[in-house]
>>> print(open('entry.cif').read())   # mmCIF, C-alpha atoms and all ligand atoms
data_coords
#
loop_
_atom_site.label_atom_id
_atom_site.label_comp_id
_atom_site.auth_asym_id
_atom_site.auth_seq_id
_atom_site.Cartn_x
_atom_site.Cartn_y
_atom_site.Cartn_z
CA MET A 16 3.92 -33.61 22.99
CA GLU A 17 1.55 -31.41 25.03
CA LYS A 18 -1.70 -30.34 23.32
CA ASP A 19 -0.78 -26.65 23.17
CA GLU A 20 2.64 -27.40 21.76
CA LYS A 21 1.01 -29.57 19.11
CA ASN A 22 -1.39 -26.76 18.12
CA MET A 23 1.50 -24.33 17.87
CA ASP A 24 3.39 -26.78 15.73
CA ASN A 25 0.44 -27.27 13.35
CA LYS A 26 -0.04 -23.54 13.14
CA SER A 27 3.58 -22.76 12.37
CA ARG A 28 3.53 -25.39 9.64
CA GLU A 29 0.72 -23.45 7.88
CA PHE A 30 3.03 -20.42 7.57
CA ALA A 31 5.11 -20.35 4.39
CA SER A 32 8.84 -20.03 4.98
CA TYR A 33 10.94 -17.31 3.39
CA GLU A 34 12.58 -19.91 1.12
CA GLU A 35 9.19 -21.18 -0.07
CA LEU A 36 7.97 -17.66 -0.78
CA LYS A 37 11.21 -16.76 -2.54
CA CYS A 38 10.84 -19.71 -4.87
CA LYS A 39 7.16 -18.87 -5.47
CA ALA A 40 7.88 -15.17 -6.21
CA SER A 41 10.69 -16.01 -8.65
CA ASN A 42 8.45 -18.41 -10.58
CA LEU A 43 5.47 -16.06 -10.67
CA ALA A 44 7.54 -13.11 -11.89
CA LYS A 45 9.24 -14.90 -14.78
CA ASN A 46 7.27 -13.09 -17.48
CA ILE A 47 6.61 -9.77 -15.81
CA ASP A 48 8.73 -6.66 -15.37
CA PHE A 49 8.94 -3.45 -13.37
CA THR A 50 7.27 -0.33 -14.79
CA ALA A 51 10.41 1.75 -14.18
CA LYS A 52 13.34 0.95 -16.41
CA MET A 53 16.86 1.05 -15.01
CA GLY A 54 17.80 3.87 -17.45
CA ASP A 55 15.14 6.11 -15.90
CA ILE A 56 16.35 5.27 -12.40
CA ASN A 57 19.91 6.19 -13.35
CA ILE A 58 18.63 9.60 -14.49
CA ILE A 59 16.93 10.07 -11.09
CA ARG A 60 20.20 9.15 -9.32
CA LYS A 61 22.21 11.58 -11.49
CA LYS A 62 19.83 14.35 -10.41
CA GLY A 63 20.94 13.63 -6.82
CA PHE A 64 17.93 11.68 -5.55
CA PRO A 65 19.00 8.60 -3.52
CA ILE A 66 15.42 7.27 -3.57
CA SER A 67 13.53 6.26 -6.73
CA GLN A 68 10.78 8.76 -6.04
CA TYR A 69 7.57 8.17 -7.95
CA GLY A 70 6.94 11.92 -8.25
CA VAL A 71 10.35 12.58 -9.81
CA TYR A 72 9.91 9.62 -12.18
CA THR A 73 6.44 10.67 -13.40
CA LYS A 74 7.41 14.34 -13.75
CA SER A 75 9.73 13.43 -16.60
CA LYS A 76 7.01 11.33 -18.29
CA SER A 77 3.77 13.33 -18.09
CA PRO A 78 2.24 16.63 -17.02
CA LYS A 79 1.52 17.02 -13.32
CA THR A 80 -1.17 14.62 -12.11
CA PHE A 81 -3.35 14.58 -9.02
CA LYS A 82 -5.16 11.77 -7.24
CA ILE A 83 -8.71 12.50 -6.16
CA PRO A 84 -9.59 10.34 -3.14
CA VAL A 85 -13.21 9.19 -3.08
CA ASP A 86 -15.31 7.17 -0.66
CA ALA A 87 -17.68 4.98 -2.67
CA GLY A 88 -19.13 3.35 0.45
CA PHE A 89 -17.38 -0.01 0.36
CA SER A 90 -17.21 -2.40 3.28
CA CYS A 91 -14.64 -5.13 3.96
CA PRO A 92 -15.03 -8.94 4.20
CA ASN A 93 -12.81 -8.81 7.27
CA LYS A 94 -15.32 -6.57 9.03
CA ASP A 95 -18.75 -7.56 7.77
CA GLY A 96 -18.57 -11.11 9.12
CA THR A 97 -17.64 -12.85 5.85
CA LEU A 98 -14.07 -13.56 6.98
CA ASP A 99 -14.35 -11.98 10.42
CA ASP A 100 -16.16 -9.12 12.09
CA LYS A 101 -13.21 -7.63 13.94
CA GLY A 102 -11.05 -6.40 11.07
CA CYS A 103 -7.29 -5.91 11.15
CA ILE A 104 -6.03 -4.97 14.60
CA TYR A 105 -5.09 -1.42 13.54
CA CYS A 106 -8.13 -0.67 11.39
CA PRO A 107 -10.41 2.16 12.53
CA LYS A 108 -14.17 2.02 12.11
CA MET A 109 -14.17 3.90 8.81
CA GLY A 110 -11.63 1.58 7.13
CA ARG A 111 -8.85 4.15 6.82
CA PRO A 112 -8.44 7.53 8.46
CA ILE A 113 -9.21 10.33 6.03
CA SER A 114 -8.74 14.03 6.39
CA VAL A 115 -9.79 15.15 2.89
CA GLU A 116 -13.01 17.12 3.19
CA TYR A 117 -14.66 15.95 -0.02
CA CYS A 118 -13.74 12.27 0.36
CA ASN A 119 -16.88 11.70 2.34
CA ARG A 120 -20.09 9.72 1.98
CA LYS A 121 -22.15 12.77 2.81
CA TYR A 122 -21.46 13.72 -0.82
CA SER A 123 -22.40 11.58 -3.83
CA LEU A 124 -19.58 10.06 -5.86
CA LYS A 125 -20.32 12.60 -8.59
CA GLU A 126 -20.04 15.47 -6.11
CA GLN A 127 -16.82 14.09 -4.59
CA ILE A 128 -15.20 13.83 -8.02
CA GLU A 129 -16.46 17.12 -9.41
CA PHE A 130 -15.69 19.23 -6.32
CA GLN A 131 -12.10 18.01 -6.34
CA LEU A 132 -11.67 18.16 -10.13
CA ASN A 133 -12.79 21.78 -10.15
CA GLU A 134 -10.69 22.74 -7.14
CA HIS A 135 -7.47 21.28 -8.57
CA SER A 136 -8.14 22.25 -12.20
CA ARG A 137 -8.15 25.86 -11.00
CA LYS A 138 -4.56 25.25 -9.83
CA GLY A 139 -3.59 24.24 -13.36
CA ILE A 140 -3.66 20.45 -12.99
CA THR A 141 -4.96 18.77 -16.13
CA ASN A 142 -4.60 15.02 -15.46
CA PHE A 143 -6.34 13.17 -12.66
CA TYR A 144 -6.67 9.72 -11.17
CA VAL A 145 -9.77 8.77 -9.21
CA TYR A 146 -8.53 7.03 -6.07
CA PHE A 147 -11.06 4.67 -4.46
CA TYR A 148 -9.69 5.07 -0.99
CA PRO A 149 -11.27 3.80 2.24
CA ALA A 150 -12.04 0.11 2.97
CA THR A 151 -11.93 -2.69 0.34
CA ASN A 152 -12.78 -1.06 -2.98
CA THR A 153 -13.13 -4.24 -5.04
CA TYR A 154 -15.53 -5.89 -2.61
CA ASP A 155 -18.62 -5.99 -4.86
CA THR A 156 -19.84 -7.83 -7.96
CA PRO A 157 -17.88 -7.31 -11.19
CA GLU A 158 -21.00 -5.72 -12.75
CA ASN A 159 -21.37 -3.11 -9.99
CA LEU A 160 -17.65 -2.37 -10.01
CA LYS A 161 -17.67 -1.86 -13.77
CA LYS A 162 -20.49 0.71 -13.47
CA LEU A 163 -18.48 2.61 -10.85
CA TRP A 164 -15.21 2.48 -12.78
CA ASP A 165 -16.91 3.46 -16.06
CA PHE A 166 -18.39 6.46 -14.28
CA ALA A 167 -15.06 7.57 -12.81
CA LEU A 168 -13.36 7.26 -16.20
CA SER A 169 -16.14 9.17 -18.00
CA TYR A 170 -14.50 12.52 -17.08
CA ASN A 171 -12.17 13.53 -19.87
CA THR A 172 -9.42 14.76 -17.54
CA VAL A 173 -9.34 11.44 -15.65
CA ILE A 174 -6.47 9.37 -17.04
CA GLY A 175 -6.66 6.43 -14.69
CA LEU A 176 -7.75 4.82 -11.45
CA SER A 177 -6.12 3.89 -8.16
CA ILE A 178 -8.08 1.26 -6.30
CA GLY A 179 -7.32 0.41 -2.67
CA THR A 180 -8.01 -3.19 -1.79
CA ARG A 181 -6.95 -6.50 -0.18
CA PRO A 182 -5.05 -9.26 -2.01
CA ASP A 183 -7.92 -11.77 -1.66
CA CYS A 184 -10.51 -9.48 -3.28
CA LEU A 185 -8.99 -9.36 -6.76
CA GLU A 186 -10.81 -12.14 -8.57
CA VAL A 187 -9.87 -12.62 -12.23
CA GLU A 188 -13.30 -11.43 -13.48
CA LYS A 189 -12.63 -8.04 -11.87
CA LEU A 190 -9.07 -7.88 -13.16
CA ASP A 191 -10.29 -8.74 -16.67
CA ILE A 192 -12.53 -5.65 -16.58
CA LEU A 193 -9.61 -3.50 -15.43
CA GLU A 194 -7.49 -4.93 -18.23
CA THR A 195 -9.99 -3.58 -20.79
CA TYR A 196 -9.26 -0.06 -19.47
CA VAL A 197 -5.51 -0.66 -19.74
CA LYS A 198 -6.05 -1.66 -23.37
CA GLN A 199 -7.93 1.62 -23.93
CA GLY A 200 -4.85 3.51 -22.70
CA TYR A 201 -5.85 4.24 -19.10
CA ASP A 202 -3.29 3.98 -16.31
CA ILE A 203 -4.75 1.55 -13.79
CA TRP A 204 -3.23 1.03 -10.35
CA ILE A 205 -4.14 -1.27 -7.52
CA ASP A 206 -3.20 0.12 -4.11
CA LEU A 207 -2.65 -3.18 -2.40
CA GLY A 208 -2.66 -3.75 1.36
CA VAL A 209 0.46 -5.89 1.68
CA GLN A 210 1.66 -4.76 5.13
CA SER A 211 4.19 -7.60 5.42
CA LEU A 212 5.09 -10.81 3.61
CA GLN A 213 5.51 -12.72 6.87
CA ASP A 214 2.62 -15.09 7.43
CA LYS A 215 3.04 -15.01 11.21
CA THR A 216 2.70 -11.21 11.18
CA LEU A 217 -0.34 -11.29 8.89
CA ASP A 218 -1.90 -13.78 11.30
CA LEU A 219 -1.16 -11.56 14.29
CA LEU A 220 -2.64 -8.57 12.46
CA ASN A 221 -5.81 -10.63 11.80
CA ARG A 222 -5.51 -9.92 8.07
CA LYS A 223 -7.22 -13.22 7.12
CA HIS A 224 -5.06 -13.68 4.04
CA ASN A 225 -1.52 -14.87 3.68
CA ALA A 226 1.66 -13.85 1.85
CA THR A 227 1.00 -16.31 -0.99
CA ASP A 228 -2.35 -14.57 -1.69
CA THR A 229 -0.41 -11.31 -2.00
CA LEU A 230 2.19 -12.70 -4.41
CA ASN A 231 -0.55 -14.24 -6.58
CA ALA A 232 -2.54 -11.00 -6.61
CA ILE A 233 0.50 -8.96 -7.71
CA LYS A 234 1.27 -11.39 -10.51
CA ASN A 235 -2.39 -11.51 -11.68
CA CYS A 236 -2.49 -7.71 -11.89
CA LYS A 237 0.86 -7.21 -13.55
CA GLU A 238 0.36 -9.78 -16.28
CA ARG A 239 -2.69 -7.74 -17.33
CA GLY A 240 -0.81 -4.43 -17.40
CA ILE A 241 -2.40 -3.30 -14.13
CA LYS A 242 0.25 -1.64 -11.95
CA VAL A 243 0.57 -2.40 -8.27
CA CYS A 244 1.52 -0.09 -5.43
CA GLY A 245 1.97 -2.06 -2.21
CA HIS A 246 1.32 -0.55 1.20
CA ILE A 247 3.98 -1.63 3.70
CA ILE A 248 4.01 -1.02 7.43
CA LEU A 249 7.35 -0.98 9.22
CA GLY A 250 7.45 -1.69 12.95
CA LEU A 251 4.66 -4.25 13.09
CA PRO A 252 4.35 -6.14 16.39
CA GLY A 253 7.01 -8.80 16.79
CA GLU A 254 8.76 -8.24 13.43
CA THR A 255 12.54 -8.21 13.33
CA LYS A 256 14.72 -6.17 10.99
CA LYS A 257 15.67 -9.41 9.21
CA GLU A 258 11.99 -10.23 8.62
CA MET A 259 11.35 -6.75 7.22
CA ARG A 260 14.33 -7.26 4.88
CA GLU A 261 12.83 -10.55 3.71
CA THR A 262 9.63 -8.67 2.80
CA ALA A 263 11.79 -6.14 0.93
CA GLU A 264 13.47 -8.91 -1.03
CA LEU A 265 10.23 -10.71 -1.89
CA LEU A 266 8.64 -7.48 -3.15
CA SER A 267 11.67 -7.00 -5.38
CA LEU A 268 11.49 -10.56 -6.65
CA ILE A 269 7.78 -10.25 -7.55
CA LYS A 270 8.65 -6.93 -9.26
CA ILE A 271 6.03 -4.79 -7.56
CA ASP A 272 5.86 -1.39 -9.32
CA ALA A 273 5.66 0.96 -6.37
CA LEU A 274 5.43 1.17 -2.60
CA LYS A 275 3.95 3.35 0.08
CA ILE A 276 5.84 2.75 3.31
CA TYR A 277 4.61 3.99 6.67
CA PRO A 278 4.84 3.47 10.41
CA LEU A 279 2.16 1.66 12.38
CA VAL A 280 -0.16 4.22 13.93
CA VAL A 281 -2.31 3.41 16.94
CA ILE A 282 -5.82 4.72 16.36
CA GLU A 283 -8.53 4.87 18.99
CA ASN A 284 -11.08 2.07 19.35
CA THR A 285 -8.91 -0.55 17.68
CA LYS A 286 -7.51 -3.81 19.02
CA LEU A 287 -4.07 -2.21 18.64
CA GLU A 288 -5.12 0.53 21.05
CA GLU A 289 -5.95 -2.16 23.60
CA MET A 290 -2.53 -3.76 23.03
CA TYR A 291 -0.88 -0.37 23.39
CA TRP A 292 -2.48 0.40 26.75
CA ASN A 293 -1.72 -3.17 27.93
CA ALA A 294 1.96 -2.60 27.03
CA GLU A 295 1.81 -5.39 24.43
CA TYR A 296 2.78 -2.96 21.68
CA LYS A 297 5.13 0.01 21.80
CA SER A 298 5.28 2.54 18.94
CA LEU A 299 8.59 3.24 17.26
CA ASP A 300 10.21 6.55 17.95
CA LYS A 301 11.12 8.68 14.94
CA ILE A 302 14.81 7.70 14.93
CA GLN A 303 13.92 4.00 15.00
CA TYR A 304 11.42 4.44 12.17
CA VAL A 305 13.84 6.42 9.98
CA GLY A 306 16.47 3.70 10.59
CA LEU A 307 14.05 0.98 9.48
CA VAL A 308 13.05 2.89 6.34
CA ILE A 309 16.71 3.33 5.38
CA ASP A 310 17.42 -0.37 5.88
CA PHE A 311 14.30 -1.34 3.91
CA LEU A 312 15.12 1.02 1.03
CA GLU A 313 18.71 -0.18 0.81
CA ASN A 314 17.43 -3.73 0.43
CA ILE A 315 14.78 -3.26 -2.27
CA SER A 316 15.25 -3.06 -6.00
CA PRO A 317 16.05 0.45 -7.26
CA GLN A 318 13.30 -0.13 -9.85
CA ILE A 319 10.53 -0.01 -7.24
CA LEU A 320 9.08 3.51 -7.28
CA ILE A 321 8.52 5.01 -3.87
CA GLN A 322 5.26 6.92 -3.60
CA ARG A 323 5.78 7.90 0.03
CA ILE A 324 7.57 6.91 3.20
CA SER A 325 5.20 8.28 5.78
CA LYS A 326 1.57 8.19 6.68
CA ASP A 327 -1.34 10.14 5.23
CA LYS A 328 -2.45 12.62 7.83
CA VAL A 329 -4.28 10.92 10.71
CA PRO A 330 -6.67 13.31 12.48
CA ASN A 331 -5.22 14.14 15.93
CA GLU A 332 -8.55 13.46 17.63
CA ILE A 333 -8.27 9.74 16.84
CA LYS A 334 -4.48 9.25 16.90
CA ILE A 335 -3.13 7.68 20.09
CA SER A 336 0.50 7.08 19.12
CA PRO A 337 3.18 7.84 17.96
CA GLU A 338 3.39 11.45 19.01
CA TRP A 339 6.04 12.57 16.55
CA ASP A 340 5.15 14.42 13.38
CA LEU A 341 4.40 11.99 10.55
CA GLY A 342 4.70 14.80 7.94
CA ARG A 343 5.62 13.23 4.62
CA LEU A 344 8.13 15.80 3.45
CA LYS A 345 9.99 15.96 6.75
CA ILE A 346 10.50 12.18 6.84
CA LEU A 347 11.44 12.11 3.16
CA ASN A 348 14.10 14.79 3.70
CA GLU A 349 15.43 13.08 6.80
CA VAL A 350 15.77 9.70 5.07
CA SER A 351 17.23 11.21 1.87
CA ASN A 352 19.80 13.29 3.76
CA ASN A 353 20.78 10.30 5.86
CA LEU A 354 21.26 8.12 2.79
CA LYS A 355 23.30 10.82 1.07
CA SER A 356 25.56 11.39 4.08
CA ARG A 357 26.27 7.63 4.14
CA LYS A 358 26.87 7.67 0.36
CA SER A 359 24.08 5.12 0.16
CA PHE A 360 20.90 4.90 -1.95
CA GLN A 361 17.83 2.75 -2.60
CA GLY A 362 19.02 -0.68 -3.70
CA SER A 363 22.62 -0.25 -2.46
CA LYS A 364 22.37 -3.60 -0.66
CA PHE A 365 19.94 -5.20 -3.10
CA ASN A 366 21.54 -8.37 -4.26
CA ILE A 367 19.18 -11.12 -5.38
S1 LIG B 1 -8.49 -5.13 5.08
FE1 LIG B 1 -8.42 -2.90 5.23
S2 LIG B 1 -10.55 -2.23 5.55
FE2 LIG B 1 -10.45 -4.46 5.92
S3 LIG B 1 -10.20 -4.63 8.13
FE3 LIG B 1 -8.16 -4.67 7.23
S4 LIG B 1 -7.42 -2.54 7.20
FE4 LIG B 1 -9.66 -2.53 7.58
#
>>> encode(input="entry.cif", output="structure tokens")
Amino acid sequence: MEKDEKNMDNKSREFASYEELKCKASNLAKNIDFTAKMGDINIIRKKGFPISQYGVYTKSKSPKTFKIPVDAGFSCPNKDGTLDDKGCIYCPKMGRPISVEYCNRKYSLKEQIEFQLNEHSRKGITNFYVYFYPATNTYDTPENLKKLWDFALSYNTVIGLSIGTRPDCLEVEKLDILETYVKQGYDIWIDLGVQSLQDKTLDLLNRKHNATDTLNAIKNCKERGIKVCGHIILGLPGETKKEMRETAELLSLIKIDALKIYPLVVIENTKLEEMYWNAEYKSLDKIQYVGLVIDFLENISPQILIQRISKDKVPNEIKISPEWDLGRLKILNEVSNNLKSRKSFQGSKFNI
């Protein structure tokens, strides 16, 4: 065997197969369950919604809530040289593109929270989550994280936290602290960068963690009462529809609570931008993306709550592609109408 072939062979053997991951997910999820019960989902369906929309689900459970995004100045082990210094191929300099004025390091954390609390309280909202948004928001010592989380929860209208992070930065010491908040009655969510559960894709994206890390992280959170919302990108380089369906099935098997699904966006000064200009990556058009979302939704459990199916606004100055409007509501309406006209719905092909 030629040397290169041998290297390829060794590499592919490091990647877990779908069957291996399926077995792993089923074992890990034995004692955990979805947040949403099937009875609640049936109510959503009877109201005419083909998608298990998180907003519709929570509306029936609690007064209107709002997530306050904050930038607490975190870095990422995939960018600071600990795992790598290049980051994921699509990641912009600031960790995630943000277009919320007060989610900005030029303001203190206190100012970011209070500006937004006041602004949205005036609109009648009484319950808030503090959403630690850009970069890897659990990348610090447990002691420092606790101080930050205690501070965010010290506001009496804050009912919980959303914490954006990577699967390999959720050590048990940190999760144990979060579990103490769950026991006090707070609603604690991890916004987890899953992207895909295909090891070969995660490798290509330079994520520096694998699908098994993700399954373990979800299980470790859920067994402590911490809810997990996975971020999934459809249309990643080299992924087939079948591979995306496998990710859908594995997320259902591990009983993830919620998902945010979005298209891959090419942002300036990223490795992906280089690939785009070198014709190594082509963005999906809107019809292709809507088709993939429909297929993905049909193949996931109806008990997974969908927080959104498009991207948070990416400032036009840094967005290279795609050119079509990523507007959340437009995509949601398009996918919902398409599902309805086909007499289909989330989970219609889910059969594990
Ligand atoms: S894990 Fe997140 S913050 Fe870190 S490089 Fe990847 S996308 Fe950027």
>>> residues_near_point(input="entry.cif", point="(-17.1, 9.9, -0.2)", cutoff="6 Å", atoms="all atoms listed in the file", output="number ranges by chain")
A: 85-87, 118-120, 122
>>> residues_around(input="entry.cif", residues="Tyr196 of chain A", least_positions_apart="2", cutoff="12 Å", atoms="only C-alpha atoms", output="VMD selection string")
chain A and resid 161 164 to 165 167 to 169 174 to 176 189 to 194 198 to 204 239 to 241
>>> residues_near_point(input="entry.cif", point="(6.6, -13.8, -8.7)", cutoff="7 Å", atoms="only C-alpha atoms", output="PDB file with C-alpha atoms, keeping the file's coordinate frame")
ATOM      1  CA  LYS A  39       7.160 -18.870  -5.470  1.00  0.00           C
ATOM      2  CA  ALA A  40       7.880 -15.170  -6.210  1.00  0.00           C
ATOM      3  CA  SER A  41      10.690 -16.010  -8.650  1.00  0.00           C
ATOM      4  CA  ASN A  42       8.450 -18.410 -10.580  1.00  0.00           C
ATOM      5  CA  LEU A  43       5.470 -16.060 -10.670  1.00  0.00           C
ATOM      6  CA  ALA A  44       7.540 -13.110 -11.890  1.00  0.00           C
ATOM      7  CA  LYS A  45       9.240 -14.900 -14.780  1.00  0.00           C
ATOM      8  CA  LEU A 230       2.190 -12.700  -4.410  1.00  0.00           C
ATOM      9  CA  LYS A 234       1.270 -11.390 -10.510  1.00  0.00           C
ATOM     10  CA  LEU A 268      11.490 -10.560  -6.650  1.00  0.00           C
ATOM     11  CA  ILE A 269       7.780 -10.250  -7.550  1.00  0.00           C
TER      12      ILE A 269
END
>>> residues_near_ligand(input="entry.cif", ligand="ligand LIG 1 (chain B)", cutoff="10 Å", atoms="all atoms listed in the file", output="number ranges by chain")
A: 89-95, 98-111, 148-152, 179-184, 207-210, 220-224
>>> write_last_selection(input="entry.cif", atoms="C-alpha atoms", output="PDB file, keeping the file's coordinate frame")
ATOM      1  CA  PHE A  89     -17.380  -0.010   0.360  1.00  0.00           C
ATOM      2  CA  SER A  90     -17.210  -2.400   3.280  1.00  0.00           C
ATOM      3  CA  CYS A  91     -14.640  -5.130   3.960  1.00  0.00           C
ATOM      4  CA  PRO A  92     -15.030  -8.940   4.200  1.00  0.00           C
ATOM      5  CA  ASN A  93     -12.810  -8.810   7.270  1.00  0.00           C
ATOM      6  CA  LYS A  94     -15.320  -6.570   9.030  1.00  0.00           C
ATOM      7  CA  ASP A  95     -18.750  -7.560   7.770  1.00  0.00           C
ATOM      8  CA  LEU A  98     -14.070 -13.560   6.980  1.00  0.00           C
ATOM      9  CA  ASP A  99     -14.350 -11.980  10.420  1.00  0.00           C
ATOM     10  CA  ASP A 100     -16.160  -9.120  12.090  1.00  0.00           C
ATOM     11  CA  LYS A 101     -13.210  -7.630  13.940  1.00  0.00           C
ATOM     12  CA  GLY A 102     -11.050  -6.400  11.070  1.00  0.00           C
ATOM     13  CA  CYS A 103      -7.290  -5.910  11.150  1.00  0.00           C
ATOM     14  CA  ILE A 104      -6.030  -4.970  14.600  1.00  0.00           C
ATOM     15  CA  TYR A 105      -5.090  -1.420  13.540  1.00  0.00           C
ATOM     16  CA  CYS A 106      -8.130  -0.670  11.390  1.00  0.00           C
ATOM     17  CA  PRO A 107     -10.410   2.160  12.530  1.00  0.00           C
ATOM     18  CA  LYS A 108     -14.170   2.020  12.110  1.00  0.00           C
ATOM     19  CA  MET A 109     -14.170   3.900   8.810  1.00  0.00           C
ATOM     20  CA  GLY A 110     -11.630   1.580   7.130  1.00  0.00           C
ATOM     21  CA  ARG A 111      -8.850   4.150   6.820  1.00  0.00           C
ATOM     22  CA  TYR A 148      -9.690   5.070  -0.990  1.00  0.00           C
ATOM     23  CA  PRO A 149     -11.270   3.800   2.240  1.00  0.00           C
ATOM     24  CA  ALA A 150     -12.040   0.110   2.970  1.00  0.00           C
ATOM     25  CA  THR A 151     -11.930  -2.690   0.340  1.00  0.00           C
ATOM     26  CA  ASN A 152     -12.780  -1.060  -2.980  1.00  0.00           C
ATOM     27  CA  GLY A 179      -7.320   0.410  -2.670  1.00  0.00           C
ATOM     28  CA  THR A 180      -8.010  -3.190  -1.790  1.00  0.00           C
ATOM     29  CA  ARG A 181      -6.950  -6.500  -0.180  1.00  0.00           C
ATOM     30  CA  PRO A 182      -5.050  -9.260  -2.010  1.00  0.00           C
ATOM     31  CA  ASP A 183      -7.920 -11.770  -1.660  1.00  0.00           C
ATOM     32  CA  CYS A 184     -10.510  -9.480  -3.280  1.00  0.00           C
ATOM     33  CA  LEU A 207      -2.650  -3.180  -2.400  1.00  0.00           C
ATOM     34  CA  GLY A 208      -2.660  -3.750   1.360  1.00  0.00           C
ATOM     35  CA  VAL A 209       0.460  -5.890   1.680  1.00  0.00           C
ATOM     36  CA  GLN A 210       1.660  -4.760   5.130  1.00  0.00           C
ATOM     37  CA  LEU A 220      -2.640  -8.570  12.460  1.00  0.00           C
ATOM     38  CA  ASN A 221      -5.810 -10.630  11.800  1.00  0.00           C
ATOM     39  CA  ARG A 222      -5.510  -9.920   8.070  1.00  0.00           C
ATOM     40  CA  LYS A 223      -7.220 -13.220   7.120  1.00  0.00           C
ATOM     41  CA  HIS A 224      -5.060 -13.680   4.040  1.00  0.00           C
TER      42      HIS A 224
END
>>> atom_distance(input="entry.cif", atom1="atom CA of Arg323 of chain A", atom2="atom CA of Lys74 of chain A")
15.3 Å
>>> residues_around(input="entry.cif", residues="segment 352-361 of chain A", least_positions_apart="4", cutoff="12 Å", atoms="only C-alpha atoms", output="VMD selection string")
chain A and resid 56 to 57 59 to 61 63 to 68 263 267 302 305 to 306 308 to 321 344 to 348 365 to 366
>>> closest_residue(input="entry.cif", among="A:Lys79, A:Ile58, A:Gly245, A:Lys237", to="Lys275 of chain A", atoms="only C-alpha atoms")
A:Gly245
>>> atom_distance(input="entry.cif", atom1="atom CA of Glu332 of chain A", atom2="atom CA of Glu134 of chain A")
26.5 Å
